[in-house]
$ cat protein18.csv   # CSV, C-alpha atoms and all ligand atoms
chain,number,residue,atom,x,y,z
A,28,MET,CA,0.0,0.0,0.0
A,29,GLU,CA,1.3,3.5,-0.8
A,30,ILE,CA,0.8,5.7,2.2
A,31,ARG,CA,-0.7,9.0,1.2
A,32,THR,CA,-2.6,10.3,4.3
A,33,VAL,CA,-1.0,10.3,7.7
A,34,GLY,CA,-2.6,10.8,11.1
A,35,VAL,CA,-0.5,12.0,14.1
A,36,VAL,CA,-2.0,11.5,17.5
A,37,GLY,CA,-0.5,13.7,20.2
A,38,LEU,CA,1.0,16.9,19.0
A,39,GLY,CA,3.6,17.6,21.8
A,40,THR,CA,7.3,17.7,21.2
A,41,MET,CA,7.5,14.6,19.1
A,42,GLY,CA,4.0,14.7,17.4
A,43,ALA,CA,4.5,18.2,16.1
A,44,GLY,CA,7.9,17.3,14.7
A,45,ILE,CA,6.5,14.1,13.1
A,46,ALA,CA,3.6,16.1,11.6
A,47,GLN,CA,6.1,18.6,10.2
A,48,VAL,CA,8.2,15.8,8.6
A,49,SER,CA,5.0,14.4,7.0
A,50,VAL,CA,3.6,17.7,5.5
A,51,GLN,CA,7.1,18.7,4.4
A,52,SER,CA,7.4,15.5,2.4
A,53,GLY,CA,4.1,16.0,0.6
A,54,HIS,CA,1.7,14.0,2.7
A,55,GLU,CA,-1.8,15.1,3.7
A,56,THR,CA,-1.6,15.0,7.5
A,57,ILE,CA,-4.2,15.2,10.2
A,58,GLY,CA,-3.0,16.0,13.7
A,59,ARG,CA,-5.1,15.2,16.8
A,60,ASP,CA,-4.5,16.4,20.3
A,61,VAL,CA,-6.9,17.0,23.2
A,62,SER,CA,-7.7,20.7,22.7
A,63,ASP,CA,-7.7,23.4,20.1
A,64,GLU,CA,-5.1,25.3,22.2
A,65,VAL,CA,-2.6,22.4,22.0
A,66,ASN,CA,-3.3,22.0,18.3
A,67,GLU,CA,-2.7,25.6,17.6
A,68,ARG,CA,0.5,25.6,19.6
A,69,ALA,CA,1.7,22.7,17.5
A,70,ARG,CA,0.8,24.6,14.3
A,71,GLY,CA,2.7,27.6,15.6
A,72,THR,CA,5.8,25.5,16.2
A,73,ILE,CA,5.7,23.9,12.8
A,74,GLU,CA,5.1,27.3,11.2
A,75,ARG,CA,8.1,28.8,13.1
A,76,TYR,CA,10.4,26.0,12.0
A,77,LEU,CA,9.4,26.3,8.4
A,78,SER,CA,9.7,30.1,8.4
A,79,ARG,CA,13.2,29.7,9.7
A,80,ALA,CA,14.0,27.3,6.8
A,81,VAL,CA,12.7,29.9,4.4
A,82,GLU,CA,14.8,32.6,6.0
A,83,LYS,CA,17.9,30.4,5.7
A,84,GLU,CA,17.0,29.7,2.0
A,85,ARG,CA,16.6,26.0,2.6
A,86,MET,CA,13.0,26.2,1.5
A,87,SER,CA,10.9,28.5,-0.7
A,88,ALA,CA,8.0,30.5,0.7
A,89,ALA,CA,5.7,28.7,-1.7
A,90,ASP,CA,6.8,25.3,-0.5
A,91,LYS,CA,6.3,26.4,3.1
A,92,ASP,CA,2.7,27.5,2.3
A,93,ALA,CA,2.0,24.3,0.5
A,94,ALA,CA,3.3,22.2,3.5
A,95,LEU,CA,1.2,24.1,5.9
A,96,ALA,CA,-1.8,23.7,3.7
A,97,ARG,CA,-1.4,19.9,4.0
A,98,LEU,CA,-1.8,20.1,7.8
A,99,SER,CA,-5.3,19.8,9.3
A,100,LEU,CA,-5.9,19.7,13.0
A,101,THR,CA,-8.7,18.1,15.0
A,102,THR,CA,-9.7,17.1,18.5
A,103,SER,CA,-11.9,14.3,17.2
A,104,LEU,CA,-10.2,10.9,16.6
A,105,ASP,CA,-13.0,10.0,14.1
A,106,ASP,CA,-11.4,12.4,11.6
A,107,LEU,CA,-8.5,10.0,11.2
A,108,ALA,CA,-10.8,7.3,9.7
A,109,ASP,CA,-9.3,7.6,6.2
A,110,CYS,CA,-5.6,7.7,7.2
A,111,ASP,CA,-3.3,5.1,5.6
A,112,LEU,CA,-0.8,5.4,8.5
A,113,VAL,CA,-1.4,6.7,12.0
A,114,ILE,CA,1.5,7.6,14.2
A,115,GLU,CA,0.8,7.8,18.0
A,116,ALA,CA,2.9,10.1,20.1
A,117,ILE,CA,0.9,10.6,23.4
A,118,VAL,CA,2.1,10.1,27.0
A,119,GLU,CA,4.7,7.3,27.6
A,120,GLU,CA,2.4,5.0,29.6
A,121,LEU,CA,1.1,1.6,28.6
A,122,ALA,CA,-2.6,1.9,29.6
A,123,PRO,CA,-3.4,5.2,27.6
A,124,LYS,CA,-1.5,3.9,24.6
A,125,GLN,CA,-3.4,0.6,24.7
A,126,GLU,CA,-6.7,2.5,24.9
A,127,MET,CA,-5.7,4.7,22.1
A,128,PHE,CA,-4.8,1.7,19.8
A,129,ALA,CA,-8.1,-0.1,20.6
A,130,GLU,CA,-9.9,3.2,19.7
A,131,LEU,CA,-7.8,3.7,16.5
A,132,GLU,CA,-8.6,0.1,15.4
A,133,ARG,CA,-12.3,0.8,15.7
A,134,ILE,CA,-12.1,4.0,13.7
A,135,CYS,CA,-9.5,3.3,11.0
A,136,ARG,CA,-9.7,1.2,7.9
A,137,PRO,CA,-8.7,-2.5,8.5
A,138,ASP,CA,-5.6,-2.0,6.2
A,139,ALA,CA,-4.3,1.1,8.0
A,140,ILE,CA,-0.9,0.9,9.7
A,141,LEU,CA,-1.0,1.9,13.3
A,142,ALA,CA,2.4,3.0,14.6
A,143,THR,CA,3.6,4.0,18.1
A,144,ASN,CA,6.5,6.3,18.7
A,145,THR,CA,7.2,4.8,22.1
A,146,SER,CA,10.8,5.0,23.3
A,147,ALA,CA,10.6,2.4,26.0
A,148,LEU,CA,7.4,0.4,26.1
A,149,SER,CA,6.9,-2.9,24.4
A,150,VAL,CA,5.2,-2.5,20.9
A,151,SER,CA,3.9,-6.0,21.2
A,152,LYS,CA,2.1,-5.2,24.4
A,153,ILE,CA,0.5,-2.1,22.8
A,154,ALA,CA,-0.5,-4.3,19.8
A,155,GLU,CA,-2.2,-6.8,22.2
A,156,ALA,CA,-4.9,-4.3,22.8
A,157,THR,CA,-6.1,-4.7,19.2
A,158,LYS,CA,-7.7,-7.4,17.2
A,159,ARG,CA,-5.4,-6.7,14.3
A,160,PRO,CA,-1.9,-6.7,15.9
A,161,GLU,CA,-0.4,-7.5,12.5
A,162,ARG,CA,-1.0,-3.9,11.5
A,163,VAL,CA,0.8,-2.5,14.6
A,164,ILE,CA,4.4,-1.5,14.5
A,165,GLY,CA,6.8,0.9,16.2
A,166,MET,CA,8.2,4.0,14.4
A,167,HIS,CA,10.7,5.5,16.8
A,168,PHE,CA,11.6,9.0,15.7
A,169,PHE,CA,14.4,11.0,17.5
A,170,ASN,CA,14.1,14.5,19.0
A,171,PRO,CA,14.0,16.9,17.2
A,172,ALA,CA,12.1,14.8,14.6
A,173,PRO,CA,12.5,17.2,11.7
A,174,VAL,CA,16.3,17.4,12.2
A,175,LEU,CA,17.4,13.9,13.2
A,176,ALA,CA,17.2,11.5,10.3
A,177,LEU,CA,16.9,8.1,12.1
A,178,VAL,CA,13.6,6.3,12.4
A,179,GLU,CA,13.7,2.9,14.0
A,180,ILE,CA,11.1,0.7,12.4
A,181,VAL,CA,10.1,-1.7,15.1
A,182,ARG,CA,8.8,-5.1,14.3
A,183,ALA,CA,6.5,-6.4,17.1
A,184,GLU,CA,5.9,-10.2,17.6
A,185,GLN,CA,2.8,-10.1,15.3
A,186,SER,CA,3.7,-7.3,12.9
A,187,SER,CA,3.1,-8.2,9.2
A,188,ASP,CA,6.0,-7.9,6.7
A,189,GLU,CA,3.7,-5.7,4.6
A,190,ALA,CA,3.1,-3.2,7.5
A,191,VAL,CA,6.8,-3.1,8.3
A,192,ASP,CA,7.8,-2.6,4.6
A,193,ASP,CA,5.2,0.0,3.9
A,194,ALA,CA,6.2,2.1,6.9
A,195,TYR,CA,9.9,1.7,6.0
A,196,ARG,CA,9.3,3.0,2.4
A,197,TRP,CA,7.1,5.9,3.7
A,198,ALA,CA,10.0,6.9,6.1
A,199,GLU,CA,12.4,6.9,3.1
A,200,ARG,CA,10.1,9.0,1.0
A,201,ALA,CA,9.7,11.4,4.0
A,202,GLY,CA,13.5,11.9,3.8
A,203,LYS,CA,14.4,9.8,6.8
A,204,GLN,CA,17.0,7.1,7.3
A,205,PRO,CA,14.9,4.1,8.5
A,206,VAL,CA,16.5,1.1,10.2
A,207,GLY,CA,14.5,-2.0,11.0
A,208,CYS,CA,14.8,-3.8,14.3
A,209,ASN,CA,12.9,-6.2,16.6
A,210,ASP,CA,10.8,-5.2,19.6
A,211,THR,CA,13.5,-5.4,22.3
A,212,PRO,CA,13.9,-3.0,25.2
A,213,GLY,CA,15.5,0.3,24.1
A,214,PHE,CA,15.4,-0.9,20.5
A,215,ILE,CA,18.8,0.1,19.0
A,216,VAL,CA,20.0,3.6,19.9
A,217,ASN,CA,18.6,3.9,23.5
A,218,ARG,CA,19.7,0.3,24.4
A,219,ILE,CA,23.3,1.4,23.6
A,220,LEU,CA,23.2,5.1,24.5
A,221,ILE,CA,21.4,5.1,27.8
A,222,PRO,CA,23.9,2.9,29.8
A,223,LEU,CA,26.7,4.7,28.0
A,224,LEU,CA,25.5,8.1,29.1
A,225,ASN,CA,25.0,6.8,32.6
A,226,ASP,CA,28.6,5.6,32.7
A,227,CYS,CA,29.7,9.1,31.6
A,228,VAL,CA,27.8,10.7,34.5
A,229,ARG,CA,29.2,8.2,37.0
A,230,VAL,CA,32.8,9.0,35.7
A,231,LEU,CA,32.1,12.7,36.8
A,232,ASP,CA,32.2,11.6,40.4
A,233,GLU,CA,34.5,8.6,40.2
A,234,ALA,CA,37.3,10.4,38.4
A,235,ARG,CA,36.4,13.9,39.8
A,236,VAL,CA,36.0,15.5,36.4
A,237,SER,CA,34.0,18.6,35.7
A,238,PRO,CA,31.1,18.4,33.2
A,239,GLU,CA,33.1,20.9,31.0
A,240,ASP,CA,36.2,18.6,31.0
A,241,LEU,CA,34.1,15.4,30.5
A,242,ASP,CA,32.6,16.9,27.4
A,243,LYS,CA,36.0,18.1,26.3
A,244,ALA,CA,37.3,14.6,26.8
A,245,MET,CA,34.6,12.8,24.8
A,246,THR,CA,34.5,15.3,21.9
A,247,ASN,CA,38.2,15.4,21.5
A,248,GLY,CA,39.1,11.9,22.6
A,249,ALA,CA,36.3,9.9,21.1
A,250,GLY,CA,35.2,12.2,18.3
A,251,TRP,CA,31.6,12.6,19.7
A,252,PRO,CA,29.9,15.5,18.0
A,253,MET,CA,28.5,16.7,21.3
A,254,GLY,CA,29.7,16.0,24.9
A,255,PRO,CA,27.6,13.6,27.1
A,256,CYS,CA,26.7,16.3,29.6
A,257,ALA,CA,25.5,18.7,26.9
A,258,LEU,CA,23.6,15.8,25.3
A,259,VAL,CA,21.8,14.8,28.6
A,260,ASP,CA,20.9,18.5,29.1
A,261,LEU,CA,19.4,18.6,25.6
A,262,VAL,CA,17.4,15.4,26.0
A,263,GLY,CA,16.1,16.5,29.5
A,264,ILE,CA,17.3,15.0,32.8
A,265,ASP,CA,13.7,13.8,33.6
A,266,ILE,CA,13.3,12.1,30.2
A,267,HIS,CA,16.7,10.4,30.5
A,268,VAL,CA,16.0,9.2,34.1
A,269,HIS,CA,12.6,7.8,33.0
A,270,ALA,CA,14.2,6.0,30.1
A,271,SER,CA,17.0,4.6,32.3
A,272,GLU,CA,14.4,3.3,34.8
A,273,ALA,CA,12.4,1.6,32.0
A,274,LEU,CA,15.5,0.0,30.5
A,275,HIS,CA,16.8,-1.1,34.0
A,276,ALA,CA,13.3,-2.6,34.8
A,277,ALA,CA,13.3,-4.5,31.5
A,278,LEU,CA,16.9,-5.8,31.4
A,279,GLY,CA,18.2,-5.5,35.0
A,280,GLU,CA,21.7,-4.3,34.2
A,281,GLU,CA,23.1,-2.0,36.9
A,282,ARG,CA,24.6,0.4,34.4
A,283,MET,CA,21.0,1.0,33.1
A,284,ALA,CA,19.8,2.4,36.4
A,285,PRO,CA,19.9,6.2,36.6
A,286,PRO,CA,22.9,7.5,38.5
A,287,GLU,CA,22.1,9.1,41.9
A,288,ARG,CA,23.5,12.4,40.6
A,289,LEU,CA,20.8,12.6,37.8
A,290,VAL,CA,18.0,11.6,40.2
A,291,GLN,CA,19.1,14.4,42.5
A,292,MET,CA,19.2,16.9,39.7
A,293,GLN,CA,15.6,15.9,38.7
A,294,ARG,CA,14.5,16.4,42.3
A,295,GLU,CA,15.9,19.9,42.3
A,296,GLY,CA,14.2,20.7,39.0
A,297,LYS,CA,17.5,21.0,37.1
A,298,LEU,CA,16.1,19.4,34.0
A,299,GLY,CA,18.7,20.7,31.5
A,300,ARG,CA,18.0,23.2,28.7
A,301,LYS,CA,14.3,23.3,29.1
A,302,SER,CA,14.5,24.4,32.8
A,303,GLY,CA,17.5,26.8,32.1
A,304,GLU,CA,19.8,24.7,34.3
A,305,GLY,CA,21.3,21.2,34.2
A,306,PHE,CA,25.0,20.3,33.9
A,307,PHE,CA,25.3,23.8,32.3
A,308,SER,CA,23.3,27.0,32.6
A,309,TYR,CA,21.2,28.2,29.6
B,401,LIG,N1,10.7,13.7,23.8
B,401,LIG,C1,11.6,12.8,23.3
B,401,LIG,O1,12.8,13.1,23.3
B,401,LIG,C2,11.1,11.6,22.6
B,401,LIG,C3,11.9,10.9,21.7
B,401,LIG,C4,11.4,9.8,21.0
B,401,LIG,C5,10.1,9.3,21.4
B,401,LIG,N2,9.4,9.9,22.4
B,401,LIG,C6,8.1,9.3,22.7
B,401,LIG,O2,7.1,10.1,22.0
B,401,LIG,C7,5.9,10.1,22.8
B,401,LIG,C8,5.5,11.5,23.1
B,401,LIG,O3,6.5,12.2,23.7
B,401,LIG,P1,6.6,13.8,23.8
B,401,LIG,O4,8.0,14.1,24.4
B,401,LIG,O5,6.2,14.3,22.5
B,401,LIG,O6,5.5,14.1,24.9
B,401,LIG,P2,4.7,15.5,25.1
B,401,LIG,O7,4.3,15.5,26.5
B,401,LIG,O8,5.5,16.7,24.6
B,401,LIG,O9,3.4,15.4,24.2
B,401,LIG,C9,2.4,14.4,24.4
B,401,LIG,C10,1.1,15.0,23.8
B,401,LIG,O10,0.1,14.0,23.7
B,401,LIG,C11,-1.1,14.6,24.0
B,401,LIG,N3,-2.0,13.6,24.4
B,401,LIG,C12,-2.1,12.9,25.6
B,401,LIG,N4,-3.1,12.1,25.6
B,401,LIG,C13,-3.7,12.2,24.3
B,401,LIG,C14,-4.8,11.6,23.7
B,401,LIG,N5,-5.5,10.6,24.3
B,401,LIG,N6,-5.1,12.0,22.4
B,401,LIG,C15,-4.4,12.9,21.8
B,401,LIG,N7,-3.3,13.5,22.4
B,401,LIG,C16,-3.0,13.2,23.6
B,401,LIG,C17,-0.8,15.7,25.1
B,401,LIG,O11,-1.8,16.7,25.1
B,401,LIG,C18,0.6,16.2,24.6
B,401,LIG,O12,0.4,17.3,23.7
B,401,LIG,C19,6.2,9.3,24.1
B,401,LIG,O13,5.8,7.9,23.9
B,401,LIG,C20,7.7,9.4,24.2
B,401,LIG,O14,8.3,8.3,24.9
B,401,LIG,C21,9.8,11.0,23.0
$ encode --input "protein18.csv" --output "structure tokens" --more "lines below"
Ligand SMILES: NC(=O)c1ccc[n+]([C@@H]2O[C@H](COP(=O)([O-])OP(=O)(O)OC[C@H]3O[C@@H](n4cnc5c(N)ncnc54)[C@H](O)[C@@H]3O)[C@@H](O)[C@H]2O)c1
Amino acid sequence: MEIRTVGVVGLGTMGAGIAQVSVQSGHETIGRDVSDEVNERARGTIERYLSRAVEKERMSAADKDAALARLSLTTSLDDLADCDLVIEAIVEELAPKQEMFAELERICRPDAILATNTSALSVSKIAEATKRPERVIGMHFFNPAPVLALVEIVRAEQSSDEAVDDAYRWAERAGKQPVGCNDTPGFIVNRILIPLLNDCVRVLDEARVSPEDLDKAMTNGAGWPMGPCALVDLVGIDIHVHASEALHAALGEERMAPPERLVQMQREGKLGRKSGEGFFSY
């Protein structure tokens, strides 16, 4: 099936970015969040990003207008009935996601692909809430979705080859770099990166290194494009702690548990860039 119309459920950080990727690559896109206010905030974010691309001459004003015209917003899930692909990006909790998928199955065509952007939950467990689990897959975008090219296309236990292949091809057409993987905790990047970043944070105390020097060490000694402290600040301390806890609960390796230093920062409201303070001040 060629995917033409895309639904995006949840228009927060990730959903707004995914909707932007979709309209920018020529797909009619219907975004659904819980209120008009949240919907309009998402439209504003997308508009701002696209305007910046026009200012930087990476996009023409006509292309920006055409992209925005492909975006429609709704608070009613029923409006997603004709979508070929629906990507869910609501809260990272199993019960609301299962409810959402059961509801989407009721509303959408039987051949529609239902994808979750979950970072840490089991896609197979989300699929269990439906009667057509073969149409359910994971499409794990990275933040910011319009900038980072990777999309992990996650095959759950019952996902059909067709659903996986169609989503993979859509991601390519949307200008992304899809990579297929099985439904294992953390998928690819988070499975590797989360314990690695936790090790980096532990080294701060073990080797008595400052965040500035640790970042200097990893950018200059390991060729990382960004230091680990700057990266955790960008991701958000709370998001990283939550992801560490989920990975630790699933796989039980000590390195996956969030280091005490990060838990303490979260308690103090030092959440990184978004709160103005983390390892560094912003
Ligand atoms: N933030 C990241 O770095 C990141 C990266 C990859 C994947 N994810 C995953 O993406 C998903 C969304 O994360 P986020 O950071 O964008 O969260 P967010 O809090 O920014 O946005 C979630 C949005 O979902 C909306 N929502 C909640 N329930 C809804 C419902 N029933 N119907 C429609 N909208 C609903 C909320 O109003 C909110 O706007 C999570 O599963 C998260 O794990 C996040």
$ closest_residue --input "protein18.csv" --among "A:Met86, A:Leu141, A:Ala147, A:Leu177" --to "ligand LIG 401 (chain B)" --atoms "all atoms listed in the file"
A:Ala147
$ atom_distance --input "protein18.csv" --atom1 "atom CA of A:Ile164" --atom2 "atom CA of A:Arg182"
5.7 Å
$ residues_near_ligand --input "protein18.csv" --ligand "ligand LIG 401 (chain B)" --cutoff "8 Å" --atoms "all atoms listed in the file" --output "mmCIF file with C-alpha atoms, keeping the file's coordinate frame"
data_model
loop_
_atom_site.group_PDB
_atom_site.id
_atom_site.type_symbol
_atom_site.label_atom_id
_atom_site.label_comp_id
_atom_site.auth_asym_id
_atom_site.auth_seq_id
_atom_site.Cartn_x
_atom_site.Cartn_y
_atom_site.Cartn_z
ATOM 1 C CA VAL A 36 -2.000 11.500 17.500
ATOM 2 C CA GLY A 37 -0.500 13.700 20.200
ATOM 3 C CA LEU A 38 1.000 16.900 19.000
ATOM 4 C CA GLY A 39 3.600 17.600 21.800
ATOM 5 C CA THR A 40 7.300 17.700 21.200
ATOM 6 C CA MET A 41 7.500 14.600 19.100
ATOM 7 C CA GLY A 42 4.000 14.700 17.400
ATOM 8 C CA ALA A 43 4.500 18.200 16.100
ATOM 9 C CA ARG A 59 -5.100 15.200 16.800
ATOM 10 C CA ASP A 60 -4.500 16.400 20.300
ATOM 11 C CA VAL A 61 -6.900 17.000 23.200
ATOM 12 C CA SER A 62 -7.700 20.700 22.700
ATOM 13 C CA VAL A 65 -2.600 22.400 22.000
ATOM 14 C CA THR A 102 -9.700 17.100 18.500
ATOM 15 C CA LEU A 104 -10.200 10.900 16.600
ATOM 16 C CA GLU A 115 0.800 7.800 18.000
ATOM 17 C CA ALA A 116 2.900 10.100 20.100
ATOM 18 C CA ILE A 117 0.900 10.600 23.400
ATOM 19 C CA VAL A 118 2.100 10.100 27.000
ATOM 20 C CA GLU A 119 4.700 7.300 27.600
ATOM 21 C CA GLU A 120 2.400 5.000 29.600
ATOM 22 C CA PRO A 123 -3.400 5.200 27.600
ATOM 23 C CA LYS A 124 -1.500 3.900 24.600
ATOM 24 C CA MET A 127 -5.700 4.700 22.100
ATOM 25 C CA THR A 143 3.600 4.000 18.100
ATOM 26 C CA ASN A 144 6.500 6.300 18.700
ATOM 27 C CA THR A 145 7.200 4.800 22.100
ATOM 28 C CA SER A 146 10.800 5.000 23.300
ATOM 29 C CA ALA A 147 10.600 2.400 26.000
ATOM 30 C CA LEU A 148 7.400 0.400 26.100
ATOM 31 C CA HIS A 167 10.700 5.500 16.800
ATOM 32 C CA PHE A 168 11.600 9.000 15.700
ATOM 33 C CA PHE A 169 14.400 11.000 17.500
ATOM 34 C CA ASN A 170 14.100 14.500 19.000
ATOM 35 C CA PRO A 171 14.000 16.900 17.200
ATOM 36 C CA VAL A 262 17.400 15.400 26.000
ATOM 37 C CA GLY A 263 16.100 16.500 29.500
ATOM 38 C CA ILE A 266 13.300 12.100 30.200
#
$ atom_distance --input "protein18.csv" --atom1 "atom CA of A:Ser99" --atom2 "atom CA of A:Glu55"
8.1 Å
$ atom_distance --input "protein18.csv" --atom1 "atom CA of A:Leu95" --atom2 "atom CA of A:Val113"
18.6 Å
$ build_atoms --input "protein18.csv" --residues "stretch 260-281 of chain A" --atoms "N, CA, C and O atoms" --output "PDB file, in the coordinates of the input"
ATOM      1  N   ASP A 260      21.620  17.218  28.912  1.00  0.00           N
ATOM      2  CA  ASP A 260      20.900  18.500  29.100  1.00  0.00           C
ATOM      3  C   ASP A 260      19.899  18.721  27.963  1.00  0.00           C
ATOM      4  O   ASP A 260      18.793  19.230  28.183  1.00  0.00           O
ATOM      5  N   LEU A 261      20.285  18.362  26.756  1.00  0.00           N
ATOM      6  CA  LEU A 261      19.400  18.600  25.600  1.00  0.00           C
ATOM      7  C   LEU A 261      18.211  17.621  25.635  1.00  0.00           C
ATOM      8  O   LEU A 261      17.066  18.028  25.403  1.00  0.00           O
ATOM      9  N   VAL A 262      18.476  16.365  25.967  1.00  0.00           N
ATOM     10  CA  VAL A 262      17.400  15.400  26.000  1.00  0.00           C
ATOM     11  C   VAL A 262      16.417  15.722  27.151  1.00  0.00           C
ATOM     12  O   VAL A 262      15.196  15.558  27.016  1.00  0.00           O
ATOM     13  N   GLY A 263      16.962  16.236  28.259  1.00  0.00           N
ATOM     14  CA  GLY A 263      16.100  16.500  29.500  1.00  0.00           C
ATOM     15  C   GLY A 263      16.479  15.475  30.517  1.00  0.00           C
ATOM     16  O   GLY A 263      16.416  14.273  30.235  1.00  0.00           O
ATOM     17  N   ILE A 264      16.836  15.946  31.718  1.00  0.00           N
ATOM     18  CA  ILE A 264      17.300  15.000  32.800  1.00  0.00           C
ATOM     19  C   ILE A 264      16.095  14.076  33.117  1.00  0.00           C
ATOM     20  O   ILE A 264      16.287  12.877  33.288  1.00  0.00           O
ATOM     21  N   ASP A 265      14.868  14.620  33.196  1.00  0.00           N
ATOM     22  CA  ASP A 265      13.700  13.800  33.600  1.00  0.00           C
ATOM     23  C   ASP A 265      13.444  12.694  32.539  1.00  0.00           C
ATOM     24  O   ASP A 265      13.181  11.549  32.870  1.00  0.00           O
ATOM     25  N   ILE A 266      13.559  13.063  31.239  1.00  0.00           N
ATOM     26  CA  ILE A 266      13.300  12.100  30.200  1.00  0.00           C
ATOM     27  C   ILE A 266      14.382  10.974  30.245  1.00  0.00           C
ATOM     28  O   ILE A 266      14.087   9.778  30.135  1.00  0.00           O
ATOM     29  N   HIS A 267      15.635  11.398  30.471  1.00  0.00           N
ATOM     30  CA  HIS A 267      16.700  10.400  30.500  1.00  0.00           C
ATOM     31  C   HIS A 267      16.556   9.482  31.735  1.00  0.00           C
ATOM     32  O   HIS A 267      16.743   8.266  31.623  1.00  0.00           O
ATOM     33  N   VAL A 268      16.191  10.057  32.892  1.00  0.00           N
ATOM     34  CA  VAL A 268      16.000   9.200  34.100  1.00  0.00           C
ATOM     35  C   VAL A 268      14.865   8.236  33.869  1.00  0.00           C
ATOM     36  O   VAL A 268      14.992   7.047  34.171  1.00  0.00           O
ATOM     37  N   HIS A 269      13.789   8.711  33.290  1.00  0.00           N
ATOM     38  CA  HIS A 269      12.600   7.800  33.000  1.00  0.00           C
ATOM     39  C   HIS A 269      13.015   6.697  32.074  1.00  0.00           C
ATOM     40  O   HIS A 269      12.694   5.528  32.312  1.00  0.00           O
ATOM     41  N   ALA A 270      13.752   7.029  31.034  1.00  0.00           N
ATOM     42  CA  ALA A 270      14.200   6.000  30.100  1.00  0.00           C
ATOM     43  C   ALA A 270      15.137   5.019  30.711  1.00  0.00           C
ATOM     44  O   ALA A 270      15.076   3.809  30.441  1.00  0.00           O
ATOM     45  N   SER A 271      16.020   5.522  31.592  1.00  0.00           N
ATOM     46  CA  SER A 271      17.000   4.600  32.300  1.00  0.00           C
ATOM     47  C   SER A 271      16.209   3.667  33.182  1.00  0.00           C
ATOM     48  O   SER A 271      16.517   2.466  33.226  1.00  0.00           O
ATOM     49  N   GLU A 272      15.220   4.194  33.905  1.00  0.00           N
ATOM     50  CA  GLU A 272      14.400   3.300  34.800  1.00  0.00           C
ATOM     51  C   GLU A 272      13.722   2.236  34.011  1.00  0.00           C
ATOM     52  O   GLU A 272      13.681   1.076  34.438  1.00  0.00           O
ATOM     53  N   ALA A 273      13.180   2.616  32.858  1.00  0.00           N
ATOM     54  CA  ALA A 273      12.400   1.600  32.000  1.00  0.00           C
ATOM     55  C   ALA A 273      13.384   0.543  31.530  1.00  0.00           C
ATOM     56  O   ALA A 273      13.054  -0.649  31.569  1.00  0.00           O
ATOM     57  N   LEU A 274      14.558   0.951  31.069  1.00  0.00           N
ATOM     58  CA  LEU A 274      15.500   0.000  30.500  1.00  0.00           C
ATOM     59  C   LEU A 274      16.030  -0.922  31.660  1.00  0.00           C
ATOM     60  O   LEU A 274      16.166  -2.135  31.490  1.00  0.00           O
ATOM     61  N   HIS A 275      16.280  -0.315  32.831  1.00  0.00           N
ATOM     62  CA  HIS A 275      16.800  -1.100  34.000  1.00  0.00           C
ATOM     63  C   HIS A 275      15.701  -2.101  34.404  1.00  0.00           C
ATOM     64  O   HIS A 275      15.997  -3.271  34.682  1.00  0.00           O
ATOM     65  N   ALA A 276      14.438  -1.662  34.416  1.00  0.00           N
ATOM     66  CA  ALA A 276      13.300  -2.600  34.800  1.00  0.00           C
ATOM     67  C   ALA A 276      13.242  -3.728  33.816  1.00  0.00           C
ATOM     68  O   ALA A 276      12.971  -4.865  34.197  1.00  0.00           O
ATOM     69  N   ALA A 277      13.494  -3.444  32.543  1.00  0.00           N
ATOM     70  CA  ALA A 277      13.300  -4.500  31.500  1.00  0.00           C
ATOM     71  C   ALA A 277      14.516  -5.447  31.478  1.00  0.00           C
ATOM     72  O   ALA A 277      14.337  -6.649  31.267  1.00  0.00           O
ATOM     73  N   LEU A 278      15.730  -4.926  31.658  1.00  0.00           N
ATOM     74  CA  LEU A 278      16.900  -5.800  31.400  1.00  0.00           C
ATOM     75  C   LEU A 278      17.758  -6.020  32.683  1.00  0.00           C
ATOM     76  O   LEU A 278      18.609  -6.915  32.681  1.00  0.00           O
ATOM     77  N   GLY A 279      17.551  -5.174  33.708  1.00  0.00           N
ATOM     78  CA  GLY A 279      18.200  -5.500  35.000  1.00  0.00           C
ATOM     79  C   GLY A 279      19.658  -5.205  35.143  1.00  0.00           C
ATOM     80  O   GLY A 279      20.242  -5.532  36.165  1.00  0.00           O
ATOM     81  N   GLU A 280      20.286  -4.630  34.126  1.00  0.00           N
ATOM     82  CA  GLU A 280      21.700  -4.300  34.200  1.00  0.00           C
ATOM     83  C   GLU A 280      21.941  -3.090  35.076  1.00  0.00           C
ATOM     84  O   GLU A 280      21.282  -2.078  34.799  1.00  0.00           O
ATOM     85  N   GLU A 281      22.877  -3.141  36.025  1.00  0.00           N
ATOM     86  CA  GLU A 281      23.100  -2.000  36.900  1.00  0.00           C
ATOM     87  C   GLU A 281      23.400  -0.695  36.207  1.00  0.00           C
ATOM     88  O   GLU A 281      22.973   0.382  36.602  1.00  0.00           O
TER      89      GLU A 281
END
